[in-house]
>>> print(open('data_3.cif').read())   # mmCIF, C-alpha atoms and all ligand atoms
data_coords
#
loop_
_atom_site.label_atom_id
_atom_site.label_comp_id
_atom_site.auth_asym_id
_atom_site.auth_seq_id
_atom_site.Cartn_x
_atom_site.Cartn_y
_atom_site.Cartn_z
CA MET A 13 -0.41 -14.36 9.38
CA SER A 14 -3.00 -13.96 12.07
CA ALA A 15 -5.88 -11.67 11.27
CA ALA A 16 -5.51 -8.29 12.91
CA MET A 17 -8.50 -6.41 14.27
CA LEU A 18 -9.50 -3.02 13.00
CA PRO A 19 -12.72 -1.02 13.17
CA ASP A 20 -14.77 -1.48 10.03
CA PRO A 21 -13.71 1.43 7.78
CA ALA A 22 -17.18 1.53 6.29
CA ASP A 23 -18.76 2.49 9.60
CA GLY A 24 -16.55 5.52 9.97
CA ALA A 25 -14.77 4.18 13.03
CA LEU A 26 -11.34 4.13 11.43
CA GLN A 27 -9.22 6.93 12.83
CA PRO A 28 -6.49 8.38 10.62
CA ALA A 29 -3.85 7.88 13.28
CA TRP A 30 -0.29 7.65 12.05
CA PRO A 31 1.95 6.94 15.03
CA ILE A 32 5.62 7.68 14.41
CA ILE A 33 6.49 4.03 15.08
CA PRO A 34 4.03 1.98 13.00
CA VAL A 35 1.50 -0.08 14.93
CA MET A 36 -0.42 -3.00 13.42
CA PRO A 37 -4.04 -1.87 13.06
CA GLN A 38 -6.90 -4.01 14.23
CA LEU A 39 -9.46 -5.35 11.80
CA ALA A 40 -13.17 -5.55 12.44
CA PRO A 41 -14.62 -9.03 12.95
CA GLY A 42 -14.68 -11.05 9.75
CA TRP A 43 -12.03 -8.97 7.95
CA THR A 44 -8.87 -10.93 7.15
CA LEU A 45 -5.31 -10.01 6.40
CA ASP A 46 -3.15 -12.69 4.81
CA HIS A 47 -0.08 -13.40 2.74
CA MET A 48 -0.72 -13.32 -1.00
CA THR A 49 -0.33 -16.68 -2.72
CA ALA A 50 -0.79 -17.95 -6.26
CA ARG A 51 -4.40 -18.74 -5.35
CA ASP A 52 -5.16 -15.02 -4.99
CA LEU A 53 -3.78 -13.97 -8.33
CA GLN A 54 -6.93 -14.25 -10.43
CA GLU A 55 -8.75 -11.83 -8.11
CA VAL A 56 -5.67 -9.64 -7.74
CA ALA A 57 -5.24 -9.34 -11.50
CA ARG A 58 -8.93 -8.53 -11.93
CA ILE A 59 -8.66 -5.59 -9.50
CA GLU A 60 -5.30 -4.51 -10.90
CA GLN A 61 -6.69 -4.29 -14.46
CA ARG A 62 -9.45 -1.96 -13.30
CA ALA A 63 -7.31 0.16 -10.98
CA TYR A 64 -4.42 1.26 -13.24
CA SER A 65 -3.83 2.67 -16.70
CA HIS A 66 -0.67 0.52 -16.80
CA PRO A 67 -1.48 -2.50 -14.62
CA TRP A 68 0.87 -5.24 -13.52
CA THR A 69 0.12 -8.50 -15.33
CA ARG A 70 -0.67 -11.70 -13.48
CA GLY A 71 2.84 -12.80 -14.49
CA ASN A 72 4.34 -9.74 -12.83
CA PHE A 73 2.70 -10.76 -9.55
CA GLU A 74 3.81 -14.38 -9.99
CA ASN A 75 7.39 -13.28 -10.58
CA SER A 76 7.29 -10.91 -7.64
CA LEU A 77 6.09 -13.69 -5.32
CA LYS A 78 8.66 -16.11 -6.74
CA ALA A 79 11.35 -13.51 -6.09
CA GLY A 80 10.37 -13.62 -2.42
CA HIS A 81 8.56 -10.31 -2.23
CA GLY A 82 5.87 -10.10 0.39
CA GLY A 83 2.27 -9.85 -0.77
CA LEU A 84 -0.53 -8.86 1.59
CA THR A 85 -4.22 -9.37 0.92
CA LEU A 86 -7.16 -7.78 2.68
CA ARG A 87 -10.58 -9.46 2.50
CA ASP A 88 -13.94 -8.28 3.79
CA PRO A 89 -16.32 -10.47 5.83
CA SER A 90 -17.75 -11.98 2.64
CA ASN A 91 -14.19 -13.10 1.81
CA THR A 92 -14.05 -10.70 -1.13
CA LEU A 93 -10.61 -9.36 -1.90
CA VAL A 94 -10.76 -5.58 -1.44
CA GLY A 95 -7.08 -4.64 -1.65
CA TYR A 96 -3.49 -5.82 -1.64
CA ALA A 97 0.08 -4.62 -1.32
CA MET A 98 3.46 -5.89 -2.50
CA LEU A 99 6.57 -5.29 -0.42
CA MET A 100 10.19 -5.84 -1.43
CA PRO A 101 12.93 -5.69 1.18
CA VAL A 102 16.23 -4.33 -0.13
CA VAL A 103 19.01 -4.53 2.43
CA ASP A 104 17.64 -2.39 5.29
CA GLU A 105 14.79 -0.70 3.43
CA MET A 106 11.31 -1.85 2.43
CA HIS A 107 10.07 -0.86 -1.01
CA LEU A 108 6.33 -0.59 -1.43
CA LEU A 109 5.97 -1.91 -4.98
CA ASN A 110 2.21 -1.90 -5.21
CA ILE A 111 -0.75 -0.85 -3.08
CA THR A 112 -4.20 -1.11 -4.55
CA VAL A 113 -7.80 -0.96 -3.40
CA ASP A 114 -10.62 -2.27 -5.60
CA PRO A 115 -11.94 0.81 -7.45
CA ASP A 116 -15.46 -0.03 -6.21
CA ARG A 117 -14.21 0.11 -2.61
CA GLN A 118 -12.02 3.23 -2.71
CA ARG A 119 -12.47 6.24 -0.41
CA GLN A 120 -13.67 4.05 2.47
CA GLY A 121 -10.43 4.13 4.43
CA LEU A 122 -9.08 0.86 3.04
CA GLY A 123 -6.00 2.37 1.41
CA ARG A 124 -5.14 4.02 4.70
CA LEU A 125 -5.62 0.68 6.42
CA LEU A 126 -3.46 -1.23 3.92
CA LEU A 127 -0.69 1.34 4.16
CA ALA A 128 -0.75 1.18 7.95
CA ILE A 129 -0.54 -2.62 7.72
CA ALA A 130 2.37 -2.41 5.25
CA LEU A 131 4.25 -0.03 7.53
CA ALA A 132 3.61 -2.17 10.61
CA THR A 133 4.66 -5.32 8.72
CA THR A 134 7.89 -3.55 7.80
CA HIS A 135 8.47 -2.55 11.39
CA ARG A 136 7.81 -6.10 12.58
CA GLY A 137 10.47 -7.21 10.11
CA ASN A 138 12.87 -4.94 11.97
CA LEU A 139 13.19 -2.48 9.09
CA HIS A 140 12.67 1.22 9.72
CA THR A 141 12.51 2.78 6.27
CA MET A 142 9.88 2.50 3.55
CA LEU A 143 10.42 3.81 0.02
CA LEU A 144 7.94 4.11 -2.81
CA GLU A 145 7.43 5.72 -6.19
CA VAL A 146 4.30 7.57 -7.21
CA ARG A 147 3.14 9.49 -10.24
CA PRO A 148 2.88 13.23 -9.47
CA SER A 149 -0.54 13.11 -11.17
CA ASN A 150 -1.79 10.46 -8.70
CA LEU A 151 -3.09 13.07 -6.31
CA GLY A 152 -5.15 10.66 -4.21
CA ALA A 153 -2.22 8.33 -3.49
CA LEU A 154 0.08 11.30 -2.94
CA ALA A 155 -2.31 12.79 -0.39
CA LEU A 156 -2.45 9.45 1.42
CA TYR A 157 1.35 9.09 1.54
CA LEU A 158 1.93 12.64 2.74
CA GLU A 159 -0.72 12.21 5.42
CA ALA A 160 1.10 9.04 6.53
CA GLY A 161 4.36 10.92 6.99
CA PHE A 162 6.20 10.20 3.73
CA VAL A 163 8.45 12.93 2.38
CA GLU A 164 9.71 13.47 -1.15
CA ILE A 165 13.39 12.60 -1.50
CA GLY A 166 13.80 12.59 -5.26
CA ARG A 167 12.35 12.33 -8.74
CA ARG A 168 13.02 9.76 -11.46
CA LYS A 169 12.69 11.40 -14.88
CA GLY A 170 10.36 9.63 -17.33
CA TYR A 171 10.05 6.62 -15.04
CA TYR A 172 6.47 5.68 -15.89
CA PRO A 173 5.15 4.45 -19.26
CA ALA A 174 3.48 6.86 -21.62
CA THR A 175 0.25 8.60 -20.80
CA ALA A 176 -1.57 11.06 -23.06
CA LEU A 177 0.96 13.59 -21.75
CA GLY A 178 3.99 11.40 -22.60
CA ARG A 179 6.17 9.56 -20.09
CA GLU A 180 5.72 10.66 -16.52
CA ASP A 181 8.26 11.24 -13.77
CA ALA A 182 8.12 9.31 -10.51
CA LEU A 183 8.31 11.04 -7.18
CA VAL A 184 10.37 9.00 -4.73
CA LEU A 185 8.93 9.17 -1.23
CA ARG A 186 10.38 7.87 2.00
CA ARG A 187 9.18 7.35 5.53
CA MET A 188 11.63 6.53 8.31
CA TRP A 189 11.07 5.85 11.97
CA PRO A 190 13.22 4.94 14.94
CA SER A 191 13.59 1.36 16.10
CA GLU A 192 12.02 0.41 19.42
CA THR A 193 15.45 0.79 20.94
CA GLY A 194 15.58 4.37 19.77
CA GLY A 195 18.09 4.27 16.94
CA VAL A 196 17.21 6.41 13.94
CA PRO A 197 18.24 4.80 10.63
CA ALA A 198 21.24 6.44 9.00
C1 LIG A 201 -4.32 5.11 -3.69
C2 LIG A 201 -5.36 4.15 -3.12
C3 LIG A 201 -4.66 2.87 -2.65
C4 LIG A 201 -6.07 4.81 -1.94
O1 LIG A 201 -7.01 3.88 -1.44
P1 LIG A 201 -8.41 4.36 -0.82
O2 LIG A 201 -9.00 3.20 -0.12
O3 LIG A 201 -9.24 5.00 -1.86
O4 LIG A 201 -7.91 5.47 0.21
P2 LIG A 201 -8.59 5.92 1.56
O5 LIG A 201 -10.07 5.86 1.44
O6 LIG A 201 -7.95 5.17 2.67
O7 LIG A 201 -8.14 7.44 1.60
C5 LIG A 201 -7.23 7.94 2.55
C6 LIG A 201 -6.92 9.37 2.19
O8 LIG A 201 -6.15 9.44 0.99
C7 LIG A 201 -6.57 10.58 0.22
N1 LIG A 201 -7.19 10.12 -0.99
C8 LIG A 201 -7.40 8.83 -1.37
N2 LIG A 201 -7.96 8.81 -2.59
C9 LIG A 201 -8.12 10.08 -2.98
C10 LIG A 201 -8.63 10.69 -4.15
N3 LIG A 201 -9.12 9.98 -5.18
N4 LIG A 201 -8.63 12.04 -4.24
C11 LIG A 201 -8.15 12.78 -3.23
N5 LIG A 201 -7.65 12.26 -2.06
C12 LIG A 201 -7.64 10.93 -1.97
C13 LIG A 201 -7.55 11.34 1.08
O9 LIG A 201 -6.81 12.23 1.89
C14 LIG A 201 -8.14 10.21 1.90
O10 LIG A 201 -8.70 10.65 3.09
P3 LIG A 201 -10.25 11.08 3.14
O11 LIG A 201 -11.04 10.06 2.40
O12 LIG A 201 -10.52 11.10 4.60
O13 LIG A 201 -10.31 12.42 2.47
C15 LIG A 201 -6.46 3.81 -4.17
O14 LIG A 201 -6.98 5.03 -4.67
C16 LIG A 201 -5.98 2.98 -5.32
O15 LIG A 201 -5.92 1.75 -5.22
N6 LIG A 201 -5.66 3.63 -6.44
C17 LIG A 201 -5.25 2.92 -7.66
C18 LIG A 201 -3.90 2.30 -7.48
C19 LIG A 201 -2.86 3.32 -7.09
O16 LIG A 201 -2.77 4.39 -7.65
N7 LIG A 201 -2.02 2.93 -6.10
C20 LIG A 201 -0.93 3.77 -5.65
C21 LIG A 201 0.24 3.64 -6.58
S1 LIG A 201 1.62 4.65 -6.05
#
>>> encode(input="data_3.cif", output="structure tokens")
Amino acid sequence: MSAAMLPDPADGALQPAWPIIPVMPQLAPGWTLDHMTARDLQEVARIEQRAYSHPWTRGNFENSLKAGHGGLTLRDPSNTLVGYAMLMPVVDEMHLLNITVDPDRQRQGLGRLLLAIALATTHRGNLHTMLLEVRPSNLGALALYLEAGFVEIGRRKGYYPATALGREDALVLRRMWPSETGGVPA
């Protein structure tokens, strides 16, 4: 995948623009977007462990890649992995299985950037629907998804593993957009 160009989020130049039809953002010089491979998994797992109460294991990522799911990695100019996303196409929909920014790099616009990249990647794959699940207690992620145009379409009872409050429901969110030729997905 060729590196896209986007203003450096750290310098405040990133605009929270969410066009109806996703557009691939541009990265600032030195930032790189790439497909996730087995070589990334040590760094991915290290971030994952610190970012979630119930993280994916390295094996989960390996299996996901082996199953043909698309992994995206975002690296800063020092080649440090700052975030990643996992995408699973199912018939005519893309499922966002995982989107994570290194906890030390959160609230700098990188989650917004990764989500925009994931949406644009989906659009480039000629799919026009993205689905995801999120914990209702994950207010930061929820705010990001709603800002990006996702709407709640359902709730899966007790979907997530136990927290101090017991098992937690998942909100199912969806974003749809028309194809370039104007057709709205059914
Ligand atoms: C969710 C996540 C990817 C967001 O990444 P991020 O780089 O911190 O997000 P951004 O800086 O791009 O934030 C974009 C917007 O999302 C919202 N947001 C993100 N984190 C937030 C938080 N902790 N609290 C409130 N709002 C938040 C804000 O509206 C923010 O805009 P603002 O900073 O201009 O106010 C990141 O917090 C993360 O990796 N969390 C752990 C893994 C996770 O929960 N993934 C989602 C699973 S469904």
>>> closest_residue(input="data_3.cif", among="A:Gln38, A:Thr85, A:Asn110, A:Asn91", to="ligand LIG 201 (chain A)", atoms="only C-alpha atoms and all ligand atoms")
A:Asn110
>>> closest_residue(input="data_3.cif", among="A:Leu144, A:Leu126, A:Leu156, A:Ala79", to="ligand LIG 201 (chain A)", atoms="only C-alpha atoms and all ligand atoms")
A:Leu156
>>> closest_atom_pairs(input="data_3.cif", of="chain A", to="ligand LIG 201 (chain A)", cutoff="9 Å", atoms="all atoms listed in the file", output="CSV")
residue,atom,partner,partner_atom,distance
A:Pro21,CA,A:LIG201,O5,8.5
A:Pro28,CA,A:LIG201,O12,7.7
A:Ile59,CA,A:LIG201,O15,8.9
A:Glu60,CA,A:LIG201,C18,7.7
A:Arg62,CA,A:LIG201,C17,8.6
A:Ala63,CA,A:LIG201,C17,4.8
A:Tyr64,CA,A:LIG201,C18,5.9
A:Pro67,CA,A:LIG201,C18,8.9
A:Gly95,CA,A:LIG201,O15,7.4
A:Tyr96,CA,A:LIG201,O15,8.7
A:Ala97,CA,A:LIG201,C3,9.0
A:Leu108,CA,A:LIG201,S1,8.4
A:Leu109,CA,A:LIG201,S1,7.9
A:Asn110,CA,A:LIG201,C21,6.0
A:Ile111,CA,A:LIG201,N7,5.0
A:Thr112,CA,A:LIG201,O15,3.4
A:Val113,CA,A:LIG201,O15,3.8
A:Asp114,CA,A:LIG201,O15,6.2
A:Pro115,CA,A:LIG201,O15,6.5
A:Arg117,CA,A:LIG201,O2,6.5
A:Gln118,CA,A:LIG201,O3,3.4
A:Arg119,CA,A:LIG201,O5,3.1
A:Gln120,CA,A:LIG201,O5,4.2
A:Gly121,CA,A:LIG201,O6,3.2
A:Leu122,CA,A:LIG201,O2,3.9
A:Gly123,CA,A:LIG201,O1,3.4
A:Arg124,CA,A:LIG201,O6,3.7
A:Leu125,CA,A:LIG201,O6,6.3
A:Leu126,CA,A:LIG201,C3,7.8
A:Leu127,CA,A:LIG201,C3,8.0
A:Leu144,CA,A:LIG201,S1,7.1
A:Glu145,CA,A:LIG201,S1,5.9
A:Val146,CA,A:LIG201,S1,4.1
A:Arg147,CA,A:LIG201,S1,6.6
A:Asn150,CA,A:LIG201,O16,6.2
A:Leu151,CA,A:LIG201,C11,5.9
A:Gly152,CA,A:LIG201,C9,3.3
A:Ala153,CA,A:LIG201,C1,3.8
A:Leu154,CA,A:LIG201,C7,7.4
A:Ala155,CA,A:LIG201,C7,4.8
A:Leu156,CA,A:LIG201,O8,3.7
A:Tyr157,CA,A:LIG201,O8,7.5
A:Leu158,CA,A:LIG201,O9,8.8
A:Glu159,CA,A:LIG201,O9,7.0
>>> residues_around(input="data_3.cif", residues="Thr133 (chain A)", least_positions_apart="3", cutoff="10 Å", atoms="only C-alpha atoms", output="PyMOL selection string")
chain A and resi 34-36+82+84+99+106+127-130+136-139
>>> atom_distance(input="data_3.cif", atom1="CA of Leu143 (chain A)", atom2="CA of Ile165 (chain A)")
9.4 Å
>>> residues_around(input="data_3.cif", residues="region 51-55 of chain A", least_positions_apart="5", cutoff="8 Å", atoms="only C-alpha atoms", output="PyMOL selection string")
chain A and resi 70+73-74+93
>>> write_last_selection(input="data_3.cif", atoms="C-alpha atoms", output="short mmCIF file (atom, residue, chain, number, x, y, z; two decimals), in the frame of the given file")
data_model
loop_
_atom_site.label_atom_id
_atom_site.label_comp_id
_atom_site.auth_asym_id
_atom_site.auth_seq_id
_atom_site.Cartn_x
_atom_site.Cartn_y
_atom_site.Cartn_z
CA ARG A 70 -0.67 -11.70 -13.48
CA PHE A 73 2.70 -10.76 -9.55
CA GLU A 74 3.81 -14.38 -9.99
CA LEU A 93 -10.61 -9.36 -1.90
#
>>> atom_distance(input="data_3.cif", atom1="CA of Gly71 (chain A)", atom2="CA of Val102 (chain A)")
21.4 Å
>>> closest_residue(input="data_3.cif", among="A:Gly83, A:Thr141, A:Pro89, A:Thr175", to="Asp104 (chain A)", atoms="only C-alpha atoms")
A:Thr141
>>> closest_residue(input="data_3.cif", among="A:Thr49, A:Lys169, A:Gly42, A:His66", to="Thr92 (chain A)", atoms="all atoms listed in the file")
A:Gly42
>>> closest_residue(input="data_3.cif", among="A:Leu177, A:Pro101, A:Pro41, A:Ile32", to="Ser191 (chain A)", atoms="only C-alpha atoms")
A:Ile32
>>> atom_distance(input="data_3.cif", atom1="CA of Lys78 (chain A)", atom2="CA of Tyr172 (chain A)")
23.7 Å
>>> closest_residue(input="data_3.cif", among="A:Ala174, A:Arg168, A:Leu183, A:Phe162", to="Pro148 (chain A)", atoms="only C-alpha atoms")
A:Leu183
>>> build_atoms(input="data_3.cif", residues="region 73-100 of chain A", atoms="N, CA and C atoms", output="PDB file, keeping the file's coordinate frame")
ATOM      1  N   PHE A  73       2.930 -10.377 -10.953  1.00  0.00           N
ATOM      2  CA  PHE A  73       2.700 -10.760  -9.550  1.00  0.00           C
ATOM      3  C   PHE A  73       3.356 -12.116  -9.259  1.00  0.00           C
ATOM      4  N   GLU A  74       3.202 -13.048 -10.198  1.00  0.00           N
ATOM      5  CA  GLU A  74       3.810 -14.380  -9.990  1.00  0.00           C
ATOM      6  C   GLU A  74       5.317 -14.239  -9.794  1.00  0.00           C
ATOM      7  N   ASN A  75       5.942 -13.446 -10.666  1.00  0.00           N
ATOM      8  CA  ASN A  75       7.390 -13.280 -10.580  1.00  0.00           C
ATOM      9  C   ASN A  75       7.790 -12.594  -9.276  1.00  0.00           C
ATOM     10  N   SER A  76       6.993 -11.631  -8.869  1.00  0.00           N
ATOM     11  CA  SER A  76       7.290 -10.910  -7.640  1.00  0.00           C
ATOM     12  C   SER A  76       7.234 -11.881  -6.440  1.00  0.00           C
ATOM     13  N   LEU A  77       6.192 -12.720  -6.421  1.00  0.00           N
ATOM     14  CA  LEU A  77       6.090 -13.690  -5.320  1.00  0.00           C
ATOM     15  C   LEU A  77       7.236 -14.692  -5.375  1.00  0.00           C
ATOM     16  N   LYS A  78       7.556 -15.144  -6.599  1.00  0.00           N
ATOM     17  CA  LYS A  78       8.660 -16.110  -6.740  1.00  0.00           C
ATOM     18  C   LYS A  78       9.981 -15.497  -6.290  1.00  0.00           C
ATOM     19  N   ALA A  79      10.122 -14.196  -6.487  1.00  0.00           N
ATOM     20  CA  ALA A  79      11.350 -13.510  -6.090  1.00  0.00           C
ATOM     21  C   ALA A  79      11.421 -13.307  -4.566  1.00  0.00           C
ATOM     22  N   GLY A  80      10.348 -13.706  -3.882  1.00  0.00           N
ATOM     23  CA  GLY A  80      10.370 -13.620  -2.420  1.00  0.00           C
ATOM     24  C   GLY A  80       9.804 -12.334  -1.871  1.00  0.00           C
ATOM     25  N   HIS A  81       9.175 -11.531  -2.737  1.00  0.00           N
ATOM     26  CA  HIS A  81       8.560 -10.310  -2.230  1.00  0.00           C
ATOM     27  C   HIS A  81       7.325 -10.674  -1.412  1.00  0.00           C
ATOM     28  N   GLY A  82       7.005  -9.823  -0.477  1.00  0.00           N
ATOM     29  CA  GLY A  82       5.870 -10.100   0.390  1.00  0.00           C
ATOM     30  C   GLY A  82       4.590  -9.515  -0.188  1.00  0.00           C
ATOM     31  N   GLY A  83       3.578 -10.348  -0.332  1.00  0.00           N
ATOM     32  CA  GLY A  83       2.270  -9.850  -0.770  1.00  0.00           C
ATOM     33  C   GLY A  83       1.295  -9.926   0.383  1.00  0.00           C
ATOM     34  N   LEU A  84       0.485  -8.896   0.543  1.00  0.00           N
ATOM     35  CA  LEU A  84      -0.530  -8.860   1.590  1.00  0.00           C
ATOM     36  C   LEU A  84      -1.894  -8.750   0.932  1.00  0.00           C
ATOM     37  N   THR A  85      -2.855  -9.489   1.433  1.00  0.00           N
ATOM     38  CA  THR A  85      -4.220  -9.370   0.920  1.00  0.00           C
ATOM     39  C   THR A  85      -5.163  -8.997   2.049  1.00  0.00           C
ATOM     40  N   LEU A  86      -6.140  -8.188   1.711  1.00  0.00           N
ATOM     41  CA  LEU A  86      -7.160  -7.780   2.680  1.00  0.00           C
ATOM     42  C   LEU A  86      -8.520  -8.190   2.128  1.00  0.00           C
ATOM     43  N   ARG A  87      -9.261  -8.964   2.923  1.00  0.00           N
ATOM     44  CA  ARG A  87     -10.580  -9.460   2.500  1.00  0.00           C
ATOM     45  C   ARG A  87     -11.646  -8.998   3.488  1.00  0.00           C
ATOM     46  N   ASP A  88     -12.823  -8.714   2.945  1.00  0.00           N
ATOM     47  CA  ASP A  88     -13.940  -8.280   3.790  1.00  0.00           C
ATOM     48  C   ASP A  88     -14.648  -9.506   4.367  1.00  0.00           C
ATOM     49  N   PRO A  89     -15.672  -9.311   5.185  1.00  0.00           N
ATOM     50  CA  PRO A  89     -16.320 -10.470   5.830  1.00  0.00           C
ATOM     51  C   PRO A  89     -16.961 -11.442   4.853  1.00  0.00           C
ATOM     52  N   SER A  90     -17.214 -11.017   3.611  1.00  0.00           N
ATOM     53  CA  SER A  90     -17.750 -11.980   2.640  1.00  0.00           C
ATOM     54  C   SER A  90     -16.619 -12.683   1.898  1.00  0.00           C
ATOM     55  N   ASN A  91     -15.389 -12.488   2.385  1.00  0.00           N
ATOM     56  CA  ASN A  91     -14.190 -13.100   1.810  1.00  0.00           C
ATOM     57  C   ASN A  91     -13.838 -12.537   0.432  1.00  0.00           C
ATOM     58  N   THR A  92     -14.371 -11.365   0.134  1.00  0.00           N
ATOM     59  CA  THR A  92     -14.050 -10.700  -1.130  1.00  0.00           C
ATOM     60  C   THR A  92     -12.749  -9.920  -0.962  1.00  0.00           C
ATOM     61  N   LEU A  93     -11.856 -10.109  -1.920  1.00  0.00           N
ATOM     62  CA  LEU A  93     -10.610  -9.360  -1.900  1.00  0.00           C
ATOM     63  C   LEU A  93     -10.919  -7.887  -2.158  1.00  0.00           C
ATOM     64  N   VAL A  94     -10.482  -7.012  -1.260  1.00  0.00           N
ATOM     65  CA  VAL A  94     -10.760  -5.580  -1.440  1.00  0.00           C
ATOM     66  C   VAL A  94      -9.480  -4.788  -1.722  1.00  0.00           C
ATOM     67  N   GLY A  95      -8.323  -5.369  -1.392  1.00  0.00           N
ATOM     68  CA  GLY A  95      -7.080  -4.640  -1.650  1.00  0.00           C
ATOM     69  C   GLY A  95      -5.880  -5.520  -1.359  1.00  0.00           C
ATOM     70  N   TYR A  96      -4.726  -5.039  -1.814  1.00  0.00           N
ATOM     71  CA  TYR A  96      -3.490  -5.820  -1.640  1.00  0.00           C
ATOM     72  C   TYR A  96      -2.306  -4.874  -1.709  1.00  0.00           C
ATOM     73  N   ALA A  97      -1.174  -5.386  -1.252  1.00  0.00           N
ATOM     74  CA  ALA A  97       0.080  -4.620  -1.320  1.00  0.00           C
ATOM     75  C   ALA A  97       1.221  -5.590  -1.574  1.00  0.00           C
ATOM     76  N   MET A  98       2.249  -5.101  -2.260  1.00  0.00           N
ATOM     77  CA  MET A  98       3.460  -5.890  -2.500  1.00  0.00           C
ATOM     78  C   MET A  98       4.640  -5.154  -1.894  1.00  0.00           C
ATOM     79  N   LEU A  99       5.438  -5.876  -1.144  1.00  0.00           N
ATOM     80  CA  LEU A  99       6.570  -5.290  -0.420  1.00  0.00           C
ATOM     81  C   LEU A  99       7.859  -6.015  -0.794  1.00  0.00           C
ATOM     82  N   MET A 100       8.890  -5.242  -1.072  1.00  0.00           N
ATOM     83  CA  MET A 100      10.190  -5.840  -1.430  1.00  0.00           C
ATOM     84  C   MET A 100      11.272  -5.294  -0.497  1.00  0.00           C
TER      85      MET A 100
END
